[in-house]
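This is query.cif. It holds mmCIF, C-alpha atoms.
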data_query
loop_
_atom_site.group_PDB
_atom_site.id
_atom_site.type_symbol
_atom_site.label_atom_id
_atom_site.label_comp_id
_atom_site.auth_asym_id
_atom_site.auth_seq_id
_atom_site.Cartn_x
_atom_site.Cartn_y
_atom_site.Cartn_z
ATOM 1 C CA MET A 1 51.716 87.251 153.453
ATOM 2 C CA GLN A 2 48.215 88.172 154.564
ATOM 3 C CA PHE A 3 46.788 86.180 151.663
ATOM 4 C CA LEU A 4 48.773 83.105 152.762
ATOM 5 C CA SER A 5 47.437 83.520 156.285
ATOM 6 C CA TYR A 6 43.833 83.665 155.010
ATOM 7 C CA LEU A 7 44.507 80.686 152.742
ATOM 8 C CA VAL A 8 45.865 78.554 155.592
ATOM 9 C CA ARG A 9 42.883 79.425 157.785
ATOM 10 C CA GLY A 10 40.564 78.528 154.924
ATOM 11 C CA ILE A 11 42.268 75.148 154.480
ATOM 12 C CA SER A 12 41.968 74.545 158.231
ATOM 13 C CA LEU A 13 38.240 75.371 158.225
ATOM 14 C CA GLY A 14 37.800 73.352 155.049
ATOM 15 C CA SER A 15 39.474 70.347 156.682
ATOM 16 C CA VAL A 16 36.789 70.378 159.395
ATOM 17 C CA TYR A 17 34.081 70.640 156.725
ATOM 18 C CA ALA A 18 35.768 67.751 154.913
ATOM 19 C CA LEU A 19 35.703 65.564 158.023
ATOM 20 C CA ILE A 20 31.993 66.209 158.516
ATOM 21 C CA ALA A 21 31.305 65.796 154.789
ATOM 22 C CA LEU A 22 33.004 62.382 154.836
ATOM 23 C CA GLY A 23 30.347 61.238 157.306
ATOM 24 C CA TYR A 24 27.567 62.611 155.084
ATOM 25 C CA THR A 25 28.959 61.043 151.939
ATOM 26 C CA MET A 26 29.520 57.634 153.569
ATOM 27 C CA VAL A 27 25.909 57.433 154.738
ATOM 28 C CA TYR A 28 24.489 58.715 151.440
ATOM 29 C CA GLY A 29 26.790 56.542 149.340
ATOM 30 C CA ILE A 30 25.747 53.335 151.122
ATOM 31 C CA ALA A 31 22.242 53.954 152.526
ATOM 32 C CA LYS A 32 21.136 56.514 149.899
ATOM 33 C CA MET A 33 19.735 58.858 152.551
ATOM 34 C CA LEU A 34 20.652 62.283 153.931
ATOM 35 C CA ASN A 35 21.235 62.207 157.674
ATOM 36 C CA PHE A 36 20.537 65.831 158.622
ATOM 37 C CA ALA A 37 21.023 64.918 162.292
ATOM 38 C CA HIS A 38 24.740 64.489 161.575
ATOM 39 C CA GLY A 39 25.543 68.058 162.642
ATOM 40 C CA ASP A 40 23.885 67.446 166.009
ATOM 41 C CA VAL A 41 25.966 64.312 166.556
ATOM 42 C CA ILE A 42 28.949 66.671 166.262
ATOM 43 C CA MET A 43 27.430 68.784 169.034
ATOM 44 C CA VAL A 44 27.005 65.721 171.268
ATOM 45 C CA GLY A 45 30.630 64.747 170.644
ATOM 46 C CA GLY A 46 31.683 68.277 171.581
ATOM 47 C CA TYR A 47 29.801 68.064 174.883
ATOM 48 C CA VAL A 48 31.368 64.691 175.729
ATOM 49 C CA VAL A 49 34.860 66.096 175.132
ATOM 50 C CA PHE A 50 33.960 69.250 177.064
ATOM 51 C CA PHE A 51 32.875 67.386 180.201
ATOM 52 C CA ALA A 52 35.606 64.739 179.971
ATOM 53 C CA PHE A 53 38.553 67.006 179.110
ATOM 54 C CA CYS A 54 37.635 70.547 180.138
ATOM 55 C CA LYS A 55 35.726 69.631 183.319
ATOM 56 C CA GLY A 56 37.048 66.165 184.192
ATOM 57 C CA ASN A 57 40.722 66.817 183.319
ATOM 58 C CA MET A 58 40.857 63.617 181.288
ATOM 59 C CA ASN A 59 43.694 63.108 178.811
ATOM 60 C CA PRO A 60 42.595 64.841 175.546
ATOM 61 C CA TRP A 61 43.110 61.721 173.423
ATOM 62 C CA LEU A 62 41.121 59.597 175.874
ATOM 63 C CA ALA A 63 38.395 62.268 175.862
ATOM 64 C CA ILE A 64 38.205 62.119 172.047
ATOM 65 C CA ILE A 65 38.079 58.307 172.119
ATOM 66 C CA LEU A 66 35.271 58.485 174.681
ATOM 67 C CA ALA A 67 33.418 60.975 172.439
ATOM 68 C CA MET A 68 33.903 58.688 169.434
ATOM 69 C CA CYS A 69 32.433 55.759 171.381
ATOM 70 C CA ALA A 70 29.471 57.865 172.541
ATOM 71 C CA CYS A 71 28.780 59.260 169.052
ATOM 72 C CA THR A 72 29.183 55.841 167.442
ATOM 73 C CA LEU A 73 26.626 54.386 169.843
ATOM 74 C CA LEU A 74 24.335 57.369 169.234
ATOM 75 C CA GLY A 75 24.623 57.052 165.452
ATOM 76 C CA VAL A 76 23.860 53.324 165.473
ATOM 77 C CA THR A 77 20.900 53.899 167.832
ATOM 78 C CA ILE A 78 19.488 56.645 165.588
ATOM 79 C CA GLU A 79 19.772 54.390 162.553
ATOM 80 C CA ARG A 80 18.138 51.459 164.354
ATOM 81 C CA ILE A 81 15.229 53.387 165.911
ATOM 82 C CA ALA A 82 14.541 56.256 163.500
ATOM 83 C CA TYR A 83 15.702 55.204 160.029
ATOM 84 C CA ARG A 84 15.594 51.413 159.730
ATOM 85 C CA PRO A 85 11.791 51.153 160.140
ATOM 86 C CA LEU A 86 11.426 53.612 157.243
ATOM 87 C CA ARG A 87 13.643 51.695 154.854
ATOM 88 C CA GLY A 88 11.788 51.249 151.582
ATOM 89 C CA THR A 89 9.469 54.198 152.224
ATOM 90 C CA PRO A 90 9.578 57.420 150.130
ATOM 91 C CA SER A 91 12.724 59.492 150.705
ATOM 92 C CA LEU A 92 10.632 62.432 151.940
ATOM 93 C CA ALA A 93 9.569 60.425 155.017
ATOM 94 C CA VAL A 94 13.207 59.688 155.886
ATOM 95 C CA LEU A 95 14.140 63.337 155.340
ATOM 96 C CA ILE A 96 11.394 64.580 157.677
ATOM 97 C CA THR A 97 12.473 62.012 160.284
ATOM 98 C CA ALA A 98 16.086 63.163 160.033
ATOM 99 C CA ILE A 99 15.023 66.769 160.677
ATOM 100 C CA GLY A 100 12.936 65.565 163.628
ATOM 101 C CA VAL A 101 15.914 63.683 165.098
ATOM 102 C CA SER A 102 18.012 66.836 164.684
ATOM 103 C CA TYR A 103 15.520 68.955 166.657
ATOM 104 C CA PHE A 104 15.203 66.223 169.278
ATOM 105 C CA LEU A 105 18.976 66.181 169.885
ATOM 106 C CA GLN A 106 19.209 69.985 170.024
ATOM 107 C CA ASN A 107 16.367 70.358 172.498
ATOM 108 C CA SER A 108 17.578 67.442 174.598
ATOM 109 C CA ALA A 109 20.961 69.160 174.838
ATOM 110 C CA MET A 110 19.257 72.391 175.941
ATOM 111 C CA LEU A 111 17.377 70.529 178.682
ATOM 112 C CA LEU A 112 20.459 68.665 179.866
ATOM 113 C CA TRP A 113 23.173 71.313 179.542
ATOM 114 C CA LYS A 114 21.231 74.597 179.124
ATOM 115 C CA SER A 115 21.653 77.021 176.229
ATOM 116 C CA ASP A 116 24.333 79.285 177.714
ATOM 117 C CA PRO A 117 27.651 79.346 175.785
ATOM 118 C CA LYS A 118 30.455 77.253 177.261
ATOM 119 C CA SER A 119 34.135 77.992 176.790
ATOM 120 C CA PHE A 120 35.920 75.058 175.178
ATOM 121 C CA THR A 121 39.612 74.370 175.799
ATOM 122 C CA SER A 122 41.618 73.185 172.792
ATOM 123 C CA VAL A 123 42.494 69.487 172.786
ATOM 124 C CA VAL A 124 45.652 70.284 170.801
ATOM 125 C CA GLU A 125 48.451 71.023 173.234
ATOM 126 C CA LEU A 126 51.244 71.842 170.786
ATOM 127 C CA PRO A 127 53.067 75.081 169.917
ATOM 128 C CA SER A 128 52.267 77.123 166.805
ATOM 129 C CA LEU A 129 54.502 77.049 163.728
ATOM 130 C CA TYR A 130 56.144 80.289 162.591
ATOM 131 C CA LEU A 131 57.348 80.753 158.998
ATOM 132 C CA PHE A 132 59.040 83.561 157.045
ATOM 133 C CA GLY A 133 60.746 84.977 160.098
ATOM 134 C CA GLY A 134 57.597 84.881 162.193
ATOM 135 C CA ARG A 135 55.448 86.802 159.690
ATOM 136 C CA LEU A 136 53.232 83.774 159.068
ATOM 137 C CA GLN A 137 51.829 81.960 162.101
ATOM 138 C CA ILE A 138 50.138 78.578 161.671
ATOM 139 C CA SER A 139 48.375 77.356 164.783
ATOM 140 C CA ALA A 140 48.832 73.809 166.028
ATOM 141 C CA GLU A 141 45.070 73.292 165.645
ATOM 142 C CA THR A 142 45.362 74.113 161.936
ATOM 143 C CA ILE A 143 48.234 71.665 161.382
ATOM 144 C CA VAL A 144 46.585 68.841 163.327
ATOM 145 C CA THR A 145 43.207 69.377 161.616
ATOM 146 C CA ILE A 146 44.716 69.194 158.115
ATOM 147 C CA ILE A 147 46.833 66.120 158.926
ATOM 148 C CA VAL A 148 43.958 64.285 160.636
ATOM 149 C CA SER A 149 41.612 64.995 157.707
ATOM 150 C CA LEU A 150 44.117 63.694 155.173
ATOM 151 C CA VAL A 151 44.862 60.559 157.182
ATOM 152 C CA ILE A 152 41.169 59.764 157.690
ATOM 153 C CA MET A 153 40.415 60.270 153.991
ATOM 154 C CA PHE A 154 43.167 57.834 152.914
ATOM 155 C CA VAL A 155 42.174 55.296 155.600
ATOM 156 C CA LEU A 156 38.540 55.429 154.444
ATOM 157 C CA ILE A 157 39.550 54.952 150.795
ATOM 158 C CA TRP A 158 41.701 51.966 151.797
ATOM 159 C CA PHE A 159 38.917 50.540 153.965
ATOM 160 C CA VAL A 160 36.278 50.769 151.236
ATOM 161 C CA GLN A 161 38.522 49.427 148.463
ATOM 162 C CA ARG A 162 40.608 46.807 150.293
ATOM 163 C CA THR A 163 38.565 45.220 153.095
ATOM 164 C CA LYS A 164 35.734 42.688 153.115
ATOM 165 C CA GLN A 165 33.397 45.124 154.843
ATOM 166 C CA GLY A 166 34.331 47.818 152.321
ATOM 167 C CA HIS A 167 33.492 45.513 149.418
ATOM 168 C CA ALA A 168 30.183 44.731 151.102
ATOM 169 C CA MET A 169 29.518 48.475 151.390
ATOM 170 C CA GLN A 170 30.131 48.888 147.663
ATOM 171 C CA ALA A 171 27.780 45.989 146.930
ATOM 172 C CA VAL A 172 25.008 47.431 149.130
ATOM 173 C CA SER A 173 25.493 50.813 147.487
ATOM 174 C CA GLU A 174 25.243 49.296 144.005
ATOM 175 C CA ASP A 175 22.212 47.021 144.542
ATOM 176 C CA ARG A 176 20.835 46.410 148.035
ATOM 177 C CA GLY A 177 18.558 43.545 146.954
ATOM 178 C CA ALA A 178 21.269 41.691 145.044
ATOM 179 C CA ALA A 179 23.704 42.158 147.934
ATOM 180 C CA GLN A 180 21.197 40.591 150.332
ATOM 181 C CA LEU A 181 20.707 37.633 147.978
ATOM 182 C CA MET A 182 24.483 37.117 148.006
ATOM 183 C CA GLY A 183 24.439 36.748 151.793
ATOM 184 C CA ILE A 184 25.488 40.248 152.816
ATOM 185 C CA ASN A 185 23.934 41.520 156.050
ATOM 186 C CA VAL A 186 22.540 44.780 154.666
ATOM 187 C CA ASN A 187 21.317 46.056 158.030
ATOM 188 C CA GLY A 188 24.692 45.373 159.595
ATOM 189 C CA ILE A 189 26.557 47.173 156.793
ATOM 190 C CA ILE A 190 24.312 50.239 157.025
ATOM 191 C CA SER A 191 24.760 50.279 160.824
ATOM 192 C CA LEU A 192 28.529 50.074 160.321
ATOM 193 C CA THR A 193 28.325 53.030 157.940
ATOM 194 C CA PHE A 194 26.446 55.096 160.513
ATOM 195 C CA ALA A 195 28.970 54.058 163.163
ATOM 196 C CA ILE A 196 31.896 55.253 161.042
ATOM 197 C CA GLY A 197 30.193 58.516 160.111
ATOM 198 C CA SER A 198 29.243 59.262 163.721
ATOM 199 C CA GLY A 199 32.743 58.464 164.971
ATOM 200 C CA LEU A 200 34.149 60.938 162.459
ATOM 201 C CA ALA A 201 31.610 63.500 163.711
ATOM 202 C CA ALA A 202 33.121 63.267 167.211
ATOM 203 C CA ILE A 203 36.622 63.971 165.864
ATOM 204 C CA ALA A 204 35.297 66.844 163.764
ATOM 205 C CA GLY A 205 33.508 68.297 166.795
ATOM 206 C CA ALA A 206 36.657 68.253 168.926
ATOM 207 C CA LEU A 207 38.763 69.878 166.181
ATOM 208 C CA LEU A 208 36.064 72.421 165.290
ATOM 209 C CA LEU A 209 35.694 73.545 168.892
ATOM 210 C CA SER A 210 39.470 73.676 169.348
ATOM 211 C CA SER A 211 39.599 76.341 166.633
ATOM 212 C CA TYR A 212 36.260 78.032 167.475
ATOM 213 C CA PRO A 213 35.923 77.452 171.245
ATOM 214 C CA THR A 214 32.260 78.257 171.926
ATOM 215 C CA LEU A 215 29.955 75.343 172.704
ATOM 216 C CA ILE A 216 26.163 75.647 172.561
ATOM 217 C CA PRO A 217 23.405 73.120 171.702
ATOM 218 C CA THR A 218 23.325 74.315 168.065
ATOM 219 C CA THR A 219 27.100 74.154 167.606
ATOM 220 C CA GLY A 220 27.024 71.630 164.776
ATOM 221 C CA ALA A 221 24.020 73.035 162.894
ATOM 222 C CA MET A 222 25.707 75.522 160.550
ATOM 223 C CA PRO A 223 28.956 73.538 160.061
ATOM 224 C CA GLY A 224 26.763 70.516 159.353
ATOM 225 C CA ILE A 225 24.825 72.368 156.639
ATOM 226 C CA LYS A 226 28.031 73.692 155.081
ATOM 227 C CA ALA A 227 29.590 70.233 155.197
ATOM 228 C CA PHE A 228 26.555 68.898 153.345
ATOM 229 C CA VAL A 229 27.125 71.636 150.766
ATOM 230 C CA ALA A 230 30.776 70.528 150.579
ATOM 231 C CA ALA A 231 29.729 66.912 150.002
ATOM 232 C CA VAL A 232 27.388 67.951 147.161
ATOM 233 C CA PHE A 233 30.027 70.351 145.821
ATOM 234 C CA GLY A 234 32.657 67.615 145.601
ATOM 235 C CA GLY A 235 30.253 64.896 144.467
ATOM 236 C CA ILE A 236 28.170 63.261 147.186
ATOM 237 C CA GLY A 237 28.987 59.585 147.517
ATOM 238 C CA SER A 238 32.650 60.189 146.629
ATOM 239 C CA ILE A 239 35.175 60.156 149.505
ATOM 240 C CA PRO A 240 37.848 62.202 147.661
ATOM 241 C CA GLY A 241 35.063 64.473 146.411
ATOM 242 C CA ALA A 242 33.864 65.180 149.965
ATOM 243 C CA PHE A 243 37.409 66.050 151.012
ATOM 244 C CA LEU A 244 38.021 68.284 148.000
ATOM 245 C CA GLY A 245 34.638 69.983 148.389
ATOM 246 C CA GLY A 246 35.323 70.690 152.069
ATOM 247 C CA ILE A 247 38.745 72.217 151.414
ATOM 248 C CA LEU A 248 37.484 74.411 148.551
ATOM 249 C CA LEU A 249 34.449 75.506 150.547
ATOM 250 C CA GLY A 250 36.616 76.546 153.503
ATOM 251 C CA ILE A 251 38.965 78.520 151.268
ATOM 252 C CA ILE A 252 36.096 80.265 149.445
ATOM 253 C CA GLU A 253 34.375 81.160 152.724
ATOM 254 C CA ASN A 254 37.512 82.513 154.393
ATOM 255 C CA LEU A 255 38.671 84.534 151.374
ATOM 256 C CA SER A 256 35.137 85.924 150.959
ATOM 257 C CA LYS A 257 35.153 87.124 154.562
ATOM 258 C CA ALA A 258 38.598 88.687 154.131
ATOM 259 C CA TYR A 259 38.188 90.414 150.776
ATOM 260 C CA ILE A 260 34.450 90.851 150.150
ATOM 261 C CA SER A 261 32.163 90.829 153.200
ATOM 262 C CA THR A 262 31.687 88.808 156.354
ATOM 263 C CA GLN A 263 27.923 89.215 155.974
ATOM 264 C CA LEU A 264 27.923 87.936 152.386
ATOM 265 C CA SER A 265 30.395 85.055 152.812
ATOM 266 C CA ASP A 266 27.685 82.429 153.355
ATOM 267 C CA ALA A 267 25.708 83.703 150.361
ATOM 268 C CA ILE A 268 28.853 83.499 148.205
ATOM 269 C CA VAL A 269 29.459 79.913 149.317
ATOM 270 C CA PHE A 270 25.956 78.858 148.272
ATOM 271 C CA LEU A 271 26.200 80.865 145.047
ATOM 272 C CA VAL A 272 29.366 78.986 144.094
ATOM 273 C CA LEU A 273 27.557 75.712 144.807
ATOM 274 C CA ILE A 274 24.670 76.710 142.542
ATOM 275 C CA ILE A 275 27.081 77.627 139.732
ATOM 276 C CA VAL A 276 28.983 74.318 140.077
ATOM 277 C CA LEU A 277 25.756 72.296 140.032
ATOM 278 C CA LEU A 278 24.514 74.177 136.968
ATOM 279 C CA VAL A 279 27.748 73.366 135.132
ATOM 280 C CA ARG A 280 28.325 69.889 136.627
ATOM 281 C CA PRO A 281 25.226 68.517 138.427
ATOM 282 C CA THR A 282 27.096 65.490 139.825
ATOM 283 C CA GLY A 283 29.645 67.680 141.611
ATOM 284 C CA LEU A 284 33.360 68.014 140.937
ATOM 285 C CA LEU A 285 34.276 64.320 141.318
ATOM 286 C CA GLY A 286 30.807 62.746 141.133
ATOM 287 C CA LYS A 287 29.951 60.210 138.447
ATOM 288 C CA LYS A 288 26.802 59.923 136.386
ATOM 289 C CA GLN A 289 24.683 56.881 137.165
ATOM 290 C CA MET A 290 22.314 55.271 134.717
ATOM 291 C CA VAL A 291 19.083 54.212 136.437
ATOM 292 C CA LYS A 292 16.496 51.944 134.831
ATOM 293 C CA VAL A 293 12.904 53.059 135.307
#

For this file, write the structure as structure tokens.
Amino acid sequence: MQFLSYLVRGISLGSVYALIALGYTMVYGIAKMLNFAHGDVIMVGGYVVFFAFCKGNMNPWLAIILAMCACTLLGVTIERIAYRPLRGTPSLAVLITAIGVSYFLQNSAMLLWKSDPKSFTSVVELPSLYLFGGRLQISAETIVTIIVSLVIMFVLIWFVQRTKQGHAMQAVSEDRGAAQLMGINVNGIISLTFAIGSGLAAIAGALLLSSYPTLIPTTGAMPGIKAFVAAVFGGIGSIPGAFLGGILLGIIENLSKAYISTQLSDAIVFLVLIIVLLVRPTGLLGKKQMVKV
């Protein structure tokens, strides 16, 4: 029974990683860049929910919608100001800029809201589920996180495969120059991708803080790094791969803490990633791409 409890907690944590990883994989899949400021957008979303729901007594769903709007606007602004002028430059320049944006958001949060920990109230106001005569307790946050992650994954797959904008995203991902020649607004599609990824970051922030209710300016840093690992683990650029990588990463981390060592759990997570990439460099569900040089 204890193993089942650890497994459920791992799936819950992995669902949060999966949500964040979906944002990473969308941006990389379309724009071919790594937005390392993504974890800090999660932090901003957490602060918006904190002040709207915990301090302003706003309805939790309205608070999350407000956070999604704020993070979407932030993500589009970051793309327009920081990344778009560097399009076509070496990837190292974009990477350094992304790290700079990350530090800018963290330090801005410290100036605005100070660095002291803030107690976050869960946005999930539902009772826990008890199974096996009460021996296994599954929190409402766990259930909602898993369901929300699954729903978002299927909606994203449908959006990319069935809508006009989704087809345009696939075209931009395949060949940006050819897509532009066919009349696709490449800048608009990349902005839309950032908007979707940043909106997902707000949801992930609210669910993450509902399960781990301590809010500080670096809240999204470590989950953001682990979500990036999850995206690479599953196959970066693949929506199902990001989800699968997040779930597996959460399970591995939680079981490592329970049965091996809490201090070594992060090292084990990265060790598993290294082993997977040695065996399958494209990740679990990634596909090999032939590039002409």

Spatial neighbours of stretch 164-174 of chain A, max dist 8 Å, all atoms listed in the file, sep filter under 3 positions, as a PDB file with C-alpha atoms, in the coordinates of the input:
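So selection.pdb came out as:
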ATOM      1  CA  GLY A  29      26.790  56.542 149.340  1.00  0.00           C
ATOM      2  CA  ILE A  30      25.747  53.335 151.122  1.00  0.00           C
ATOM      3  CA  ALA A  31      22.242  53.954 152.526  1.00  0.00           C
ATOM      4  CA  LYS A  32      21.136  56.514 149.899  1.00  0.00           C
ATOM      5  CA  PHE A 159      38.917  50.540 153.965  1.00  0.00           C
ATOM      6  CA  VAL A 160      36.278  50.769 151.236  1.00  0.00           C
ATOM      7  CA  GLN A 161      38.522  49.427 148.463  1.00  0.00           C
ATOM      8  CA  GLY A 177      18.558  43.545 146.954  1.00  0.00           C
ATOM      9  CA  ALA A 178      21.269  41.691 145.044  1.00  0.00           C
ATOM     10  CA  ALA A 179      23.704  42.158 147.934  1.00  0.00           C
ATOM     11  CA  GLN A 180      21.197  40.591 150.332  1.00  0.00           C
ATOM     12  CA  ILE A 184      25.488  40.248 152.816  1.00  0.00           C
ATOM     13  CA  VAL A 186      22.540  44.780 154.666  1.00  0.00           C
ATOM     14  CA  ILE A 189      26.557  47.173 156.793  1.00  0.00           C
ATOM     15  CA  ILE A 190      24.312  50.239 157.025  1.00  0.00           C
TER      16      ILE A 190
END

Any chance you could work out the residue set of the PyMOL selection byres ((chain A and resi 285-287) around 9) here, as a PyMOL selection string? chain A and resi 232-238+240-242+244+280-284+288-289

Give as a PyMOL selection string the residues that the PyMOL selection byres ((chain A and resi 138) around 9) matches when applied to the coordinates above. chain A and resi 5+8-9+128-131+136-137+139-143

Given the PyMOL selection byres ((chain A and resi 50-54) around 12) and the file above, list the residues it selects as a PyMOL selection string. chain A and resi 43-49+55-67+70+113+117-124+202+205-207+209-210+213-216

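Taking atom CA of A:Ala227 and atom CA of A:Leu22 as endpoints, the distance between them is 8.6 Å.
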
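The shortest atom-to-atom distance to A:Thr145, with all atoms listed in the file taken into account, belongs to A:Leu208 out of A:Leu208, A:Leu112, A:Ala37, A:Met1.
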
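Within 12 Å of A:Asp266, once all atoms listed in the file are used and residues closer than 6 positions along the same chain are dropped, the contacting residues are Met222, Pro223, Ile225, Lys226, Val229, Leu249, Gly250, Ile252, Glu253, Asn254, Leu255, Ser256, Lys257, Ile260, Val272 and Leu273 of chain A.
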
What does the distance from atom CA of A:Arg176 to atom CA of A:Glu79 come to in Å, to one decimal? 16.6 Å

From the list A:Ala221, A:Val41, A:Ile275, A:Ile203, which residue is nearest A:Leu19 when using only C-alpha atoms?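 Residue with the minimum atom-to-atom distance to A:Leu19: A:Ile203.
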
Rounded to one decimal, what separation in Å do you get between atom CA of A:Gly75 and atom CA of A:Ile99?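 About the pair atom CA of A:Gly75 and atom CA of A:Ile99: they are 14.5 Å apart.
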
Non-local contacts of A:Tyr259 (10 Å; all atoms listed in the file; under 6 positions in same chain excluded) as a list in words: Phe3, Tyr6 and Ser265 of chain A

From A:Tyr24, A:Phe194, A:Phe270, A:Phe36, residue lying nearest A:Ile96 [only C-alpha atoms]: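 Among the listed residues, the smallest separation from A:Ile96 belongs to A:Phe36.
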
Around all listed atoms of stretch 255-265 of chain A, padded 5 Å per side, what centre and edge lengths does the axis-aligned box have in Å to one decimal, as AutoDock Vina command-line options?
--center_x 33.3 --center_y 87.7 --center_z 153.3 --size_x 20.7 --size_y 16.3 --size_z 16.2

Output stretch 57-72 of chain A as a short mmCIF file (atom, residue, chain, number, x, y, z; two decimals), keeping the file's coordinate frame, making sure N, CA and C atoms are there.
data_model
loop_
_atom_site.label_atom_id
_atom_site.label_comp_id
_atom_site.auth_asym_id
_atom_site.auth_seq_id
_atom_site.Cartn_x
_atom_site.Cartn_y
_atom_site.Cartn_z
N ASN A 57 39.25 66.88 183.42
CA ASN A 57 40.72 66.82 183.32
C ASN A 57 41.22 65.47 182.78
N MET A 58 40.43 64.85 181.93
CA MET A 58 40.86 63.62 181.29
C MET A 58 41.89 63.92 180.20
N ASN A 59 42.75 62.97 179.92
CA ASN A 59 43.69 63.11 178.81
C ASN A 59 42.93 63.44 177.53
N PRO A 60 43.38 64.43 176.73
CA PRO A 60 42.60 64.84 175.55
C PRO A 60 42.33 63.71 174.56
N TRP A 61 43.31 62.82 174.37
CA TRP A 61 43.11 61.72 173.42
C TRP A 61 42.08 60.73 173.95
N LEU A 62 42.13 60.48 175.28
CA LEU A 62 41.12 59.60 175.87
C LEU A 62 39.73 60.23 175.79
N ALA A 63 39.67 61.57 175.96
CA ALA A 63 38.40 62.27 175.86
C ALA A 63 37.82 62.14 174.45
N ILE A 64 38.67 62.25 173.44
CA ILE A 64 38.20 62.12 172.05
C ILE A 64 37.75 60.69 171.78
N ILE A 65 38.49 59.71 172.29
CA ILE A 65 38.08 58.31 172.12
C ILE A 65 36.73 58.05 172.78
N LEU A 66 36.55 58.62 173.99
CA LEU A 66 35.27 58.48 174.68
C LEU A 66 34.15 59.12 173.86
N ALA A 67 34.41 60.30 173.28
CA ALA A 67 33.42 60.98 172.44
C ALA A 67 33.11 60.15 171.19
N MET A 68 34.12 59.54 170.61
CA MET A 68 33.90 58.69 169.43
C MET A 68 33.01 57.50 169.79
N CYS A 69 33.26 56.89 170.95
CA CYS A 69 32.43 55.76 171.38
C CYS A 69 30.99 56.21 171.60
N ALA A 70 30.81 57.36 172.27
CA ALA A 70 29.47 57.86 172.54
C ALA A 70 28.74 58.20 171.25
N CYS A 71 29.42 58.87 170.32
CA CYS A 71 28.78 59.26 169.05
C CYS A 71 28.51 58.04 168.17
N THR A 72 29.41 57.07 168.21
CA THR A 72 29.18 55.84 167.44
C THR A 72 27.93 55.13 167.94
#
